[in-house]
Amino acid sequence: MSTTESAIASAEAHSAHNYHPLPVVVATAEGAWMTDVEGRRYLDMLAGYSALNFGHGNRRLIDAAKAQLERVTLTSRAFHHDRFADFCTQLAELCGMEMVLPMNTGAEAVETAVKTARKWGYRVKGVPDNMAKIVVAANNFHGRTTTVISFSTDPEARADFGPYTPGFEIVPYGDLTAMSAALTENTVALLLEPIQGEAGVLVPPAGYLSRVRELTRERNILFIADEIQSGLGRTGRTFACEHENVVPDMYVLGKALGGGVVPVSAVVSSAEVLGVYRPGEHGSTFGGNPLACAVALEVIAMLRTGEFQQRATELGDHLHHELGLLTGGGAVEAVRGRGLWAGVDIVPSHGTGREISEKMMDRGVLVKDTHGSTIRIAPPLVISKEDLDWGLDQLRAVLEG
């Protein structure tokens, strides 16, 4: 048995089977490249579902983490620490907001956004107790906690996990008529991904987000943008909402906020919205810890340069041009996306998304399938054009094979 086979067999024997990873065991990584336990190199074209926007082992982030590791890593929120104020201040400024509520994972941040919207609805909007409604979009992916899967339309995420949390209404993504009809006087929030990632990198129709913003303002409803995957440079802007010059009432952030080093997430909003909390009503032992703040502060500093947004724009234009050429070859049905982020629908006769991903792995490129026939491409924003082209060459070879 090879080292890879042994490691996978041990994992299969002793870990719950809640994922179906590709059969590669990564040992080291740098930039856009990963090396497995056998010494084989792979081009990372997934970037940890956008958690690794700045690449593996980014020196600025590693140095920030190392420096903080020597000082203090955790105090809990029972005490202040000397990185917290800067983190909250600078993240709020990056978002054009006033207040930050830090958590750890994306799902935690979504749960926090849901709780915040409900409390705002009761305290500020005046919705009767236990009557608050939140409107969401079909095919969403906001996490896998009990409350979040309660408004999922994915059978794999929902089956056998009921009873489900009430208070949500699901409408088709991109359908403004259905959305407008779903909004009532008891609606406290509209929760959307500006681009739906897990659904296959679905970009809404032009003007959709700006009209959503208008509707929510007109009806005194919070617009919550889940930018956990789409935010922090991935689409060529700091936030995907910026493509329509939209500023939501609340950002939900995660993944790249921790630079692929530590889990960091946050809800960012106005003082009116996040000011509804009183001590003891919500919290997290590790949320906003010193190590997380140190890394996230470096992420914020890197984003302020605009360098990564520019790279995502320029390389993204190239990526989508090259992928667009594949749609006429009989193997690709459609390509969607924005910036360095794409969903590629494979013609079923050429294989499932999983099969294409495995063939790409055999050629030294790591991507991941979703919803059966779609593969996602989301390399680190630090990838070189030469490496990106090489990865696309491998995709062409697989599809032509």
# chains A, B, ... in the order shown; residues from 1 in each chain; ligands from 1
call {"tool": "residues_around", "arguments": {"residues": "range 131-142 of chain A", "least_positions_apart": "5", "cutoff": "7 Å", "atoms": "only C-alpha atoms", "output": "compact mmCIF listing (two decimals) with all heavy atoms, in the first residue's frame"}}
result
# COMPACT_ATOMS: atom_id res chain seq x y z
N ALA A 107 -20.35 29.71 8.69
CA ALA A 107 -21.68 29.31 9.18
C ALA A 107 -22.02 30.06 10.46
O ALA A 107 -23.17 30.48 10.67
CB ALA A 107 -21.73 27.81 9.40
N VAL A 110 -23.15 33.50 9.50
CA VAL A 110 -24.52 33.51 8.97
C VAL A 110 -25.52 33.39 10.10
O VAL A 110 -26.55 34.08 10.14
CB VAL A 110 -24.71 32.40 7.92
CG1 VAL A 110 -26.17 32.31 7.50
CG2 VAL A 110 -23.83 32.66 6.70
N ARG A 118 -33.18 39.30 13.28
CA ARG A 118 -34.39 39.09 14.08
C ARG A 118 -34.47 40.08 15.24
O ARG A 118 -35.51 40.70 15.49
CB ARG A 118 -34.44 37.66 14.59
CG ARG A 118 -34.77 36.64 13.51
CD ARG A 118 -34.71 35.23 14.04
NE ARG A 118 -35.23 34.27 13.06
CZ ARG A 118 -35.26 32.95 13.26
NH1 ARG A 118 -34.78 32.44 14.38
NH2 ARG A 118 -35.76 32.15 12.32
N GLY A 121 -35.30 43.40 14.02
CA GLY A 121 -36.70 43.45 13.63
C GLY A 121 -37.62 43.70 14.81
O GLY A 121 -38.59 44.47 14.73
N VAL A 148 -29.34 26.99 9.33
CA VAL A 148 -29.02 27.33 7.94
C VAL A 148 -29.58 26.30 6.97
O VAL A 148 -30.12 26.65 5.92
CB VAL A 148 -27.50 27.51 7.76
CG1 VAL A 148 -27.14 27.67 6.29
CG2 VAL A 148 -27.01 28.71 8.55
N SER A 152 -32.28 25.70 3.19
CA SER A 152 -31.58 25.17 2.02
C SER A 152 -32.57 24.41 1.14
O SER A 152 -33.55 23.84 1.63
CB SER A 152 -30.46 24.23 2.46
OG SER A 152 -29.91 23.54 1.36
N THR A 153 -32.30 24.40 -0.16
CA THR A 153 -33.11 23.58 -1.08
C THR A 153 -32.33 22.37 -1.57
O THR A 153 -32.76 21.67 -2.47
CB THR A 153 -33.57 24.42 -2.29
OG1 THR A 153 -32.42 24.97 -2.95
CG2 THR A 153 -34.51 25.53 -1.87
N ASP A 154 -31.18 22.11 -0.95
CA ASP A 154 -30.34 20.97 -1.33
C ASP A 154 -30.74 19.76 -0.48
O ASP A 154 -30.55 19.76 0.73
CB ASP A 154 -28.87 21.32 -1.09
CG ASP A 154 -27.92 20.20 -1.49
OD1 ASP A 154 -28.39 19.11 -1.85
OD2 ASP A 154 -26.69 20.42 -1.42
N GLY A 167 -39.40 30.40 9.98
CA GLY A 167 -39.15 31.83 9.86
C GLY A 167 -38.47 32.25 8.58
O GLY A 167 -38.02 33.40 8.48
N PHE A 168 -38.41 31.36 7.60
CA PHE A 168 -37.73 31.67 6.34
C PHE A 168 -38.66 31.41 5.16
O PHE A 168 -39.46 30.48 5.18
CB PHE A 168 -36.46 30.83 6.19
CG PHE A 168 -35.48 31.02 7.31
CD1 PHE A 168 -35.47 30.15 8.39
CD2 PHE A 168 -34.60 32.08 7.30
CE1 PHE A 168 -34.58 30.33 9.44
CE2 PHE A 168 -33.71 32.28 8.34
CZ PHE A 168 -33.70 31.40 9.42
N GLU A 169 -38.53 32.24 4.13
CA GLU A 169 -39.26 32.03 2.89
C GLU A 169 -38.26 32.00 1.74
O GLU A 169 -37.41 32.89 1.64
CB GLU A 169 -40.30 33.11 2.66
CG GLU A 169 -41.12 32.86 1.40
CD GLU A 169 -42.40 33.68 1.33
OE1 GLU A 169 -42.70 34.39 2.32
OE2 GLU A 169 -43.07 33.63 0.29
N ILE A 170 -38.40 30.99 0.89
CA ILE A 170 -37.45 30.77 -0.21
C ILE A 170 -38.08 31.20 -1.52
O ILE A 170 -39.21 30.81 -1.84
CB ILE A 170 -37.04 29.30 -0.27
CG1 ILE A 170 -36.44 28.85 1.06
CG2 ILE A 170 -36.04 29.06 -1.40
CD1 ILE A 170 -36.24 27.35 1.17
N VAL A 171 -37.34 32.01 -2.29
CA VAL A 171 -37.81 32.44 -3.61
C VAL A 171 -36.73 32.11 -4.64
O VAL A 171 -35.57 31.94 -4.28
CB VAL A 171 -38.12 33.95 -3.64
CG1 VAL A 171 -39.21 34.29 -2.64
CG2 VAL A 171 -36.88 34.78 -3.36
N PRO A 172 -37.09 32.01 -5.92
CA PRO A 172 -36.07 31.72 -6.95
C PRO A 172 -35.01 32.82 -7.01
O PRO A 172 -35.32 34.01 -6.92
CB PRO A 172 -36.88 31.65 -8.25
CG PRO A 172 -38.28 31.36 -7.81
CD PRO A 172 -38.45 32.06 -6.51
N TYR A 173 -33.76 32.40 -7.16
CA TYR A 173 -32.65 33.34 -7.27
C TYR A 173 -32.77 34.12 -8.58
O TYR A 173 -33.00 33.55 -9.64
CB TYR A 173 -31.33 32.58 -7.25
CG TYR A 173 -30.08 33.43 -7.17
CD1 TYR A 173 -29.84 34.23 -6.07
CD2 TYR A 173 -29.14 33.41 -8.20
CE1 TYR A 173 -28.68 35.00 -5.97
CE2 TYR A 173 -27.96 34.17 -8.11
CZ TYR A 173 -27.74 34.96 -7.00
OH TYR A 173 -26.60 35.71 -6.92
N ASN A 186 -43.69 41.88 8.13
CA ASN A 186 -42.93 41.14 9.13
C ASN A 186 -41.58 40.65 8.61
O ASN A 186 -40.85 39.97 9.33
CB ASN A 186 -43.73 39.93 9.64
CG ASN A 186 -44.91 40.35 10.49
OD1 ASN A 186 -44.89 41.43 11.11
ND2 ASN A 186 -45.94 39.52 10.54
N THR A 187 -41.25 40.99 7.36
CA THR A 187 -39.94 40.62 6.82
C THR A 187 -38.88 41.54 7.43
O THR A 187 -38.97 42.76 7.32
CB THR A 187 -39.90 40.75 5.29
OG1 THR A 187 -40.94 39.94 4.72
CG2 THR A 187 -38.56 40.28 4.75
N VAL A 188 -37.88 40.92 8.06
CA VAL A 188 -36.82 41.71 8.69
C VAL A 188 -35.57 41.77 7.84
O VAL A 188 -34.76 42.69 7.99
CB VAL A 188 -36.48 41.18 10.10
CG1 VAL A 188 -37.71 41.29 11.01
CG2 VAL A 188 -35.98 39.74 10.06
N ALA A 189 -35.39 40.77 6.96
CA ALA A 189 -34.15 40.75 6.19
C ALA A 189 -34.31 39.94 4.92
O ALA A 189 -35.16 39.05 4.83
CB ALA A 189 -33.00 40.18 7.01
N LEU A 190 -33.46 40.27 3.97
CA LEU A 190 -33.29 39.51 2.75
C LEU A 190 -31.83 39.07 2.72
O LEU A 190 -30.93 39.90 2.73
CB LEU A 190 -33.61 40.38 1.54
CG LEU A 190 -33.43 39.80 0.16
CD1 LEU A 190 -34.31 38.58 -0.03
CD2 LEU A 190 -33.77 40.84 -0.90
N LEU A 191 -31.59 37.76 2.75
CA LEU A 191 -30.25 37.19 2.81
C LEU A 191 -29.90 36.57 1.47
O LEU A 191 -30.57 35.64 1.01
CB LEU A 191 -30.19 36.13 3.92
CG LEU A 191 -28.93 35.26 4.00
CD1 LEU A 191 -27.69 36.11 4.26
CD2 LEU A 191 -29.10 34.19 5.07
N LEU A 192 -28.82 37.10 0.84
CA LEU A 192 -28.45 36.65 -0.50
C LEU A 192 -26.94 36.50 -0.64
O LEU A 192 -26.17 37.26 -0.03
CB LEU A 192 -28.89 37.66 -1.56
CG LEU A 192 -30.36 37.76 -1.94
CD1 LEU A 192 -30.52 38.90 -2.93
CD2 LEU A 192 -30.87 36.47 -2.53
N GLN A 196 -23.90 33.02 -6.37
CA GLN A 196 -24.09 31.75 -5.67
C GLN A 196 -22.95 30.79 -6.02
O GLN A 196 -22.84 30.33 -7.15
CB GLN A 196 -25.44 31.13 -6.02
CG GLN A 196 -26.62 31.88 -5.43
CD GLN A 196 -27.92 31.09 -5.54
OE1 GLN A 196 -28.16 30.39 -6.53
NE2 GLN A 196 -28.77 31.19 -4.53
N GLU A 198 -21.74 27.61 -4.36
CA GLU A 198 -21.96 26.16 -4.35
C GLU A 198 -22.94 25.73 -5.43
O GLU A 198 -22.89 24.61 -5.92
CB GLU A 198 -22.47 25.73 -2.97
CG GLU A 198 -22.52 24.23 -2.75
CD GLU A 198 -21.15 23.61 -2.57
OE1 GLU A 198 -20.18 24.35 -2.34
OE2 GLU A 198 -21.06 22.36 -2.67
N ALA A 199 -23.82 26.63 -5.83
CA ALA A 199 -24.81 26.32 -6.87
C ALA A 199 -24.18 26.22 -8.25
O ALA A 199 -24.85 25.84 -9.21
CB ALA A 199 -25.92 27.36 -6.88
call {"tool": "residues_around", "arguments": {"residues": "Leu52 in chain A", "least_positions_apart": "6", "cutoff": "6 Å", "atoms": "only C-alpha atoms", "output": "list in words"}}
result
Ala256, Gly259, Gly260 and Pro380 of chain A
call {"tool": "write_last_selection", "arguments": {"atoms": "all heavy atoms", "output": "mmCIF file, in the first residue's frame"}}
result
data_model
loop_
_atom_site.group_PDB
_atom_site.id
_atom_site.type_symbol
_atom_site.label_atom_id
_atom_site.label_comp_id
_atom_site.auth_asym_id
_atom_site.auth_seq_id
_atom_site.Cartn_x
_atom_site.Cartn_y
_atom_site.Cartn_z
ATOM 1 N N ALA A 256 -11.539 33.991 3.197
ATOM 2 C CA ALA A 256 -10.301 34.723 2.925
ATOM 3 C C ALA A 256 -9.952 35.713 4.021
ATOM 4 O O ALA A 256 -8.811 36.173 4.089
ATOM 5 C CB ALA A 256 -10.403 35.447 1.586
ATOM 6 N N GLY A 259 -7.152 34.454 5.688
ATOM 7 C CA GLY A 259 -5.980 34.231 4.854
ATOM 8 C C GLY A 259 -5.603 32.777 4.642
ATOM 9 O O GLY A 259 -4.482 32.491 4.218
ATOM 10 N N GLY A 260 -6.497 31.844 4.924
ATOM 11 C CA GLY A 260 -6.150 30.436 4.816
ATOM 12 C C GLY A 260 -5.223 29.983 5.934
ATOM 13 O O GLY A 260 -4.651 28.895 5.872
ATOM 14 N N PRO A 380 -5.950 30.630 -6.429
ATOM 15 C CA PRO A 380 -5.499 31.763 -5.617
ATOM 16 C C PRO A 380 -5.267 32.987 -6.501
ATOM 17 O O PRO A 380 -4.856 32.861 -7.657
ATOM 18 C CB PRO A 380 -4.182 31.258 -5.012
ATOM 19 C CG PRO A 380 -4.296 29.767 -5.031
ATOM 20 C CD PRO A 380 -5.079 29.446 -6.270
#
call {"tool": "residues_around", "arguments": {"residues": "Leu381 in chain A", "least_positions_apart": "4", "cutoff": "9 Å", "atoms": "only C-alpha atoms", "output": "PDB file with all heavy atoms, in the first residue's frame"}}
result
ATOM      1  N   ALA A  32       0.406  28.964  -5.466  1.00  0.00           N
ATOM      2  CA  ALA A  32      -0.711  28.272  -6.109  1.00  0.00           C
ATOM      3  C   ALA A  32      -0.456  26.776  -6.266  1.00  0.00           C
ATOM      4  O   ALA A  32      -1.229  26.089  -6.939  1.00  0.00           O
ATOM      5  CB  ALA A  32      -0.983  28.891  -7.475  1.00  0.00           C
ATOM      6  N   ALA A  47      -8.418  26.831  -4.307  1.00  0.00           N
ATOM      7  CA  ALA A  47      -8.057  27.808  -3.271  1.00  0.00           C
ATOM      8  C   ALA A  47      -8.937  27.712  -2.033  1.00  0.00           C
ATOM      9  O   ALA A  47      -9.363  28.727  -1.471  1.00  0.00           O
ATOM     10  CB  ALA A  47      -8.106  29.232  -3.846  1.00  0.00           C
ATOM     11  N   LEU A  52      -8.236  30.696   0.390  1.00  0.00           N
ATOM     12  CA  LEU A  52      -6.820  30.904   0.084  1.00  0.00           C
ATOM     13  C   LEU A  52      -6.637  31.906  -1.054  1.00  0.00           C
ATOM     14  O   LEU A  52      -5.821  31.728  -1.946  1.00  0.00           O
ATOM     15  CB  LEU A  52      -6.157  29.568  -0.267  1.00  0.00           C
ATOM     16  CG  LEU A  52      -5.964  28.627   0.936  1.00  0.00           C
ATOM     17  CD1 LEU A  52      -5.936  27.174   0.485  1.00  0.00           C
ATOM     18  CD2 LEU A  52      -4.691  28.988   1.682  1.00  0.00           C
ATOM     19  N   ASN A  53      -7.381  32.987  -1.006  1.00  0.00           N
ATOM     20  CA  ASN A  53      -7.264  34.003  -2.058  1.00  0.00           C
ATOM     21  C   ASN A  53      -5.826  34.493  -2.215  1.00  0.00           C
ATOM     22  O   ASN A  53      -5.397  34.829  -3.323  1.00  0.00           O
ATOM     23  CB  ASN A  53      -8.162  35.201  -1.734  1.00  0.00           C
ATOM     24  CG  ASN A  53      -9.613  34.960  -2.106  1.00  0.00           C
ATOM     25  OD1 ASN A  53      -9.968  33.874  -2.567  1.00  0.00           O
ATOM     26  ND2 ASN A  53     -10.450  35.946  -1.889  1.00  0.00           N
ATOM     27  N   PHE A  54      -5.070  34.533  -1.128  1.00  0.00           N
ATOM     28  CA  PHE A  54      -3.721  35.094  -1.163  1.00  0.00           C
ATOM     29  C   PHE A  54      -2.659  34.012  -1.273  1.00  0.00           C
ATOM     30  O   PHE A  54      -1.465  34.291  -1.110  1.00  0.00           O
ATOM     31  CB  PHE A  54      -3.502  35.958   0.080  1.00  0.00           C
ATOM     32  CG  PHE A  54      -4.619  36.940   0.284  1.00  0.00           C
ATOM     33  CD1 PHE A  54      -5.604  36.697   1.232  1.00  0.00           C
ATOM     34  CD2 PHE A  54      -4.724  38.069  -0.506  1.00  0.00           C
ATOM     35  CE1 PHE A  54      -6.661  37.578   1.394  1.00  0.00           C
ATOM     36  CE2 PHE A  54      -5.770  38.951  -0.350  1.00  0.00           C
ATOM     37  CZ  PHE A  54      -6.759  38.708   0.601  1.00  0.00           C
ATOM     38  N   GLY A  55      -3.083  32.801  -1.581  1.00  0.00           N
ATOM     39  CA  GLY A  55      -2.165  31.714  -1.830  1.00  0.00           C
ATOM     40  C   GLY A  55      -1.747  30.981  -0.567  1.00  0.00           C
ATOM     41  O   GLY A  55      -1.979  31.422   0.557  1.00  0.00           O
ATOM     42  N   GLY A 233     -11.892  40.288  -2.780  1.00  0.00           N
ATOM     43  CA  GLY A 233     -11.056  40.277  -3.966  1.00  0.00           C
ATOM     44  C   GLY A 233     -11.368  39.246  -5.021  1.00  0.00           C
ATOM     45  O   GLY A 233     -10.921  39.377  -6.164  1.00  0.00           O
ATOM     46  N   ARG A 234     -12.121  38.236  -4.700  1.00  0.00           N
ATOM     47  CA  ARG A 234     -12.319  37.110  -5.614  1.00  0.00           C
ATOM     48  C   ARG A 234     -12.863  37.528  -6.972  1.00  0.00           C
ATOM     49  O   ARG A 234     -12.455  36.992  -8.015  1.00  0.00           O
ATOM     50  CB  ARG A 234     -13.253  36.083  -4.949  1.00  0.00           C
ATOM     51  CG  ARG A 234     -13.743  34.935  -5.823  1.00  0.00           C
ATOM     52  CD  ARG A 234     -12.637  34.129  -6.455  1.00  0.00           C
ATOM     53  NE  ARG A 234     -11.670  33.586  -5.512  1.00  0.00           N
ATOM     54  CZ  ARG A 234     -10.564  32.952  -5.870  1.00  0.00           C
ATOM     55  NH1 ARG A 234     -10.284  32.788  -7.164  1.00  0.00           N
ATOM     56  NH2 ARG A 234      -9.716  32.499  -4.972  1.00  0.00           N
ATOM     57  N   PHE A 308      -4.731  42.866  -5.408  1.00  0.00           N
ATOM     58  CA  PHE A 308      -5.360  41.564  -5.607  1.00  0.00           C
ATOM     59  C   PHE A 308      -6.664  41.690  -6.385  1.00  0.00           C
ATOM     60  O   PHE A 308      -7.009  40.821  -7.195  1.00  0.00           O
ATOM     61  CB  PHE A 308      -5.567  40.884  -4.253  1.00  0.00           C
ATOM     62  CG  PHE A 308      -4.268  40.621  -3.552  1.00  0.00           C
ATOM     63  CD1 PHE A 308      -3.758  41.535  -2.640  1.00  0.00           C
ATOM     64  CD2 PHE A 308      -3.521  39.488  -3.841  1.00  0.00           C
ATOM     65  CE1 PHE A 308      -2.542  41.308  -2.014  1.00  0.00           C
ATOM     66  CE2 PHE A 308      -2.306  39.250  -3.223  1.00  0.00           C
ATOM     67  CZ  PHE A 308      -1.813  40.173  -2.310  1.00  0.00           C
ATOM     68  N   GLN A 309      -7.382  42.772  -6.160  1.00  0.00           N
ATOM     69  CA  GLN A 309      -8.583  43.016  -6.946  1.00  0.00           C
ATOM     70  C   GLN A 309      -8.228  43.204  -8.420  1.00  0.00           C
ATOM     71  O   GLN A 309      -8.937  42.694  -9.309  1.00  0.00           O
ATOM     72  CB  GLN A 309      -9.321  44.256  -6.413  1.00  0.00           C
ATOM     73  CG  GLN A 309      -9.837  44.130  -4.991  1.00  0.00           C
ATOM     74  CD  GLN A 309      -8.864  44.584  -3.922  1.00  0.00           C
ATOM     75  OE1 GLN A 309      -7.646  44.395  -4.060  1.00  0.00           O
ATOM     76  NE2 GLN A 309      -9.370  45.190  -2.864  1.00  0.00           N
ATOM     77  N   ARG A 311      -5.545  41.989  -9.977  1.00  0.00           N
ATOM     78  CA  ARG A 311      -5.141  40.694 -10.531  1.00  0.00           C
ATOM     79  C   ARG A 311      -6.368  39.841 -10.855  1.00  0.00           C
ATOM     80  O   ARG A 311      -6.420  39.184 -11.903  1.00  0.00           O
ATOM     81  CB  ARG A 311      -4.246  39.943  -9.542  1.00  0.00           C
ATOM     82  CG  ARG A 311      -2.835  40.472  -9.441  1.00  0.00           C
ATOM     83  CD  ARG A 311      -1.972  39.554  -8.595  1.00  0.00           C
ATOM     84  NE  ARG A 311      -1.823  38.228  -9.204  1.00  0.00           N
ATOM     85  CZ  ARG A 311      -0.988  37.941 -10.186  1.00  0.00           C
ATOM     86  NH1 ARG A 311      -0.223  38.896 -10.692  1.00  0.00           N
ATOM     87  NH2 ARG A 311      -0.919  36.716 -10.674  1.00  0.00           N
ATOM     88  N   ALA A 312      -7.347  39.842  -9.956  1.00  0.00           N
ATOM     89  CA  ALA A 312      -8.564  39.057 -10.198  1.00  0.00           C
ATOM     90  C   ALA A 312      -9.316  39.559 -11.424  1.00  0.00           C
ATOM     91  O   ALA A 312      -9.902  38.771 -12.176  1.00  0.00           O
ATOM     92  CB  ALA A 312      -9.464  39.091  -8.966  1.00  0.00           C
ATOM     93  N   LEU A 315      -6.685  38.701 -14.695  1.00  0.00           N
ATOM     94  CA  LEU A 315      -6.600  37.260 -14.933  1.00  0.00           C
ATOM     95  C   LEU A 315      -7.986  36.657 -15.110  1.00  0.00           C
ATOM     96  O   LEU A 315      -8.156  35.673 -15.838  1.00  0.00           O
ATOM     97  CB  LEU A 315      -5.858  36.577 -13.786  1.00  0.00           C
ATOM     98  CG  LEU A 315      -4.363  36.869 -13.688  1.00  0.00           C
ATOM     99  CD1 LEU A 315      -3.756  36.174 -12.478  1.00  0.00           C
ATOM    100  CD2 LEU A 315      -3.632  36.440 -14.962  1.00  0.00           C
ATOM    101  N   LEU A 340     -11.745  35.852 -10.936  1.00  0.00           N
ATOM    102  CA  LEU A 340     -11.067  34.548 -10.947  1.00  0.00           C
ATOM    103  C   LEU A 340     -11.955  33.497 -10.295  1.00  0.00           C
ATOM    104  O   LEU A 340     -11.571  32.862  -9.302  1.00  0.00           O
ATOM    105  CB  LEU A 340      -9.718  34.642 -10.238  1.00  0.00           C
ATOM    106  CG  LEU A 340      -8.525  34.966 -11.121  1.00  0.00           C
ATOM    107  CD1 LEU A 340      -7.253  35.073 -10.279  1.00  0.00           C
ATOM    108  CD2 LEU A 340      -8.342  33.922 -12.220  1.00  0.00           C
TER     109      LEU A 340
END
call {"tool": "atom_distance", "arguments": {"atom1": "CA of Cys95 in chain A", "atom2": "CA of Glu214 in chain A"}}
result
19.4 Å
call {"tool": "closest_residue", "arguments": {"among": "A:Ile383, A:Leu325, A:Pro205, A:Thr374", "to": "Arg396 in chain A", "atoms": "only C-alpha atoms"}}
result
A:Leu325
call {"tool": "select_by_dssp", "arguments": {"residues": "range 251-352 of chain A", "states": "alpha helix (DSSP H)", "output": "PyMOL selection string"}}
result
chain A and resi 271-274+290-304+307-326
call {"tool": "write_last_selection", "arguments": {"atoms": "C-alpha atoms", "output": "mmCIF file, in the first residue's frame"}}
result
data_model
loop_
_atom_site.group_PDB
_atom_site.id
_atom_site.type_symbol
_atom_site.label_atom_id
_atom_site.label_comp_id
_atom_site.auth_asym_id
_atom_site.auth_seq_id
_atom_site.Cartn_x
_atom_site.Cartn_y
_atom_site.Cartn_z
ATOM 1 C CA ALA A 271 -24.337 50.957 14.769
ATOM 2 C CA GLU A 272 -28.137 50.937 14.494
ATOM 3 C CA VAL A 273 -28.160 47.256 13.531
ATOM 4 C CA LEU A 274 -25.323 45.755 15.592
ATOM 5 C CA PRO A 290 -5.602 37.945 19.042
ATOM 6 C CA LEU A 291 -4.172 35.496 16.495
ATOM 7 C CA ALA A 292 -7.222 35.831 14.255
ATOM 8 C CA CYS A 293 -7.139 39.616 14.499
ATOM 9 C CA ALA A 294 -3.433 39.773 13.661
ATOM 10 C CA VAL A 295 -3.866 37.711 10.499
ATOM 11 C CA ALA A 296 -7.050 39.481 9.451
ATOM 12 C CA LEU A 297 -5.413 42.881 9.914
ATOM 13 C CA GLU A 298 -2.740 41.833 7.420
ATOM 14 C CA VAL A 299 -5.456 40.629 5.012
ATOM 15 C CA ILE A 300 -7.149 44.026 5.266
ATOM 16 C CA ALA A 301 -3.842 45.806 4.627
ATOM 17 C CA MET A 302 -3.239 43.687 1.529
ATOM 18 C CA LEU A 303 -6.700 44.383 0.171
ATOM 19 C CA ARG A 304 -6.254 48.118 0.640
ATOM 20 C CA GLU A 307 -3.355 44.728 -6.098
ATOM 21 C CA PHE A 308 -5.360 41.564 -5.607
ATOM 22 C CA GLN A 309 -8.583 43.016 -6.946
ATOM 23 C CA GLN A 310 -6.698 44.132 -10.045
ATOM 24 C CA ARG A 311 -5.141 40.694 -10.531
ATOM 25 C CA ALA A 312 -8.564 39.057 -10.198
ATOM 26 C CA THR A 313 -9.940 41.437 -12.819
ATOM 27 C CA GLU A 314 -7.143 41.002 -15.366
ATOM 28 C CA LEU A 315 -6.600 37.260 -14.933
ATOM 29 C CA GLY A 316 -10.344 36.773 -14.613
ATOM 30 C CA ASP A 317 -10.945 38.377 -18.001
ATOM 31 C CA HIS A 318 -8.352 36.024 -19.460
ATOM 32 C CA LEU A 319 -9.842 33.001 -17.672
ATOM 33 C CA HIS A 320 -13.350 33.666 -18.956
ATOM 34 C CA HIS A 321 -12.134 34.341 -22.495
ATOM 35 C CA GLU A 322 -10.312 31.020 -22.579
ATOM 36 C CA LEU A 323 -13.172 29.107 -20.984
ATOM 37 C CA GLY A 324 -15.610 30.710 -23.404
ATOM 38 C CA LEU A 325 -13.688 29.148 -26.287
ATOM 39 C CA LEU A 326 -14.445 25.713 -24.844
#
call {"tool": "closest_atom_pairs", "arguments": {"of": "range 244-327 of chain A", "to": "range 222-230 of chain A", "cutoff": "7 Å", "atoms": "only C-alpha atoms", "output": "JSON lines"}}
result
{"residue": "A:Pro248", "atom": "CA", "partner": "A:Phe223", "partner_atom": "CA", "distance": 5.2}
{"residue": "A:Asp249", "atom": "CA", "partner": "A:Phe223", "partner_atom": "CA", "distance": 5.2}
{"residue": "A:Met250", "atom": "CA", "partner": "A:Ile224", "partner_atom": "CA", "distance": 4.8}
{"residue": "A:Tyr251", "atom": "CA", "partner": "A:Ala225", "partner_atom": "CA", "distance": 5.1}
{"residue": "A:Val252", "atom": "CA", "partner": "A:Asp226", "partner_atom": "CA", "distance": 4.7}
{"residue": "A:Leu253", "atom": "CA", "partner": "A:Ile228", "partner_atom": "CA", "distance": 4.5}
{"residue": "A:Gly254", "atom": "CA", "partner": "A:Ile228", "partner_atom": "CA", "distance": 4.8}
{"residue": "A:Lys255", "atom": "CA", "partner": "A:Ile228", "partner_atom": "CA", "distance": 6.0}
call {"tool": "write_last_selection", "arguments": {"atoms": "N, CA, C and O atoms", "output": "short mmCIF file (atom, residue, chain, number, x, y, z; two decimals), in the first residue's frame"}}
result
data_model
loop_
_atom_site.label_atom_id
_atom_site.label_comp_id
_atom_site.auth_asym_id
_atom_site.auth_seq_id
_atom_site.Cartn_x
_atom_site.Cartn_y
_atom_site.Cartn_z
N PRO A 248 -24.84 46.84 0.93
CA PRO A 248 -25.91 46.23 1.71
C PRO A 248 -25.97 46.83 3.11
O PRO A 248 -25.14 47.67 3.49
N ASP A 249 -26.92 46.39 3.91
CA ASP A 249 -26.98 46.81 5.30
C ASP A 249 -26.03 46.01 6.17
O ASP A 249 -25.63 46.46 7.24
N MET A 250 -25.67 44.83 5.68
CA MET A 250 -24.83 43.95 6.47
C MET A 250 -24.01 43.06 5.55
O MET A 250 -24.55 42.49 4.61
N TYR A 251 -22.71 42.98 5.81
CA TYR A 251 -21.85 42.00 5.13
C TYR A 251 -21.64 40.81 6.07
O TYR A 251 -21.42 40.99 7.27
N VAL A 252 -21.66 39.62 5.48
CA VAL A 252 -21.24 38.42 6.19
C VAL A 252 -19.95 37.96 5.53
O VAL A 252 -19.93 37.67 4.32
N LEU A 253 -18.87 37.91 6.30
CA LEU A 253 -17.55 37.63 5.76
C LEU A 253 -16.92 36.42 6.45
O LEU A 253 -17.25 36.11 7.59
N GLY A 254 -16.01 35.77 5.74
CA GLY A 254 -15.30 34.62 6.30
C GLY A 254 -14.20 34.21 5.34
O GLY A 254 -13.65 35.03 4.63
N LYS A 255 -13.90 32.92 5.31
CA LYS A 255 -12.92 32.33 4.40
C LYS A 255 -11.65 33.16 4.25
O LYS A 255 -10.75 33.09 5.07
#
call {"tool": "select_by_dssp", "arguments": {"residues": "range 25-86 of chain A", "states": "strand (DSSP E)", "output": "number ranges by chain"}}
result
A: 26-30, 33-36, 41-44
call {"tool": "atom_distance", "arguments": {"atom1": "CA of Val344 in chain A", "atom2": "CA of Val365 in chain A"}}
result
15.1 Å
call {"tool": "closest_residue", "arguments": {"among": "A:Leu94, A:Ser10, A:Gly372, A:Arg354", "to": "Arg237 in chain A", "atoms": "only C-alpha atoms"}}
result
A:Leu94
call {"tool": "closest_residue", "arguments": {"among": "A:Gly343, A:Ala64, A:Phe79, A:Val261", "to": "Ile195 in chain A", "atoms": "only C-alpha atoms"}}
result
A:Gly343
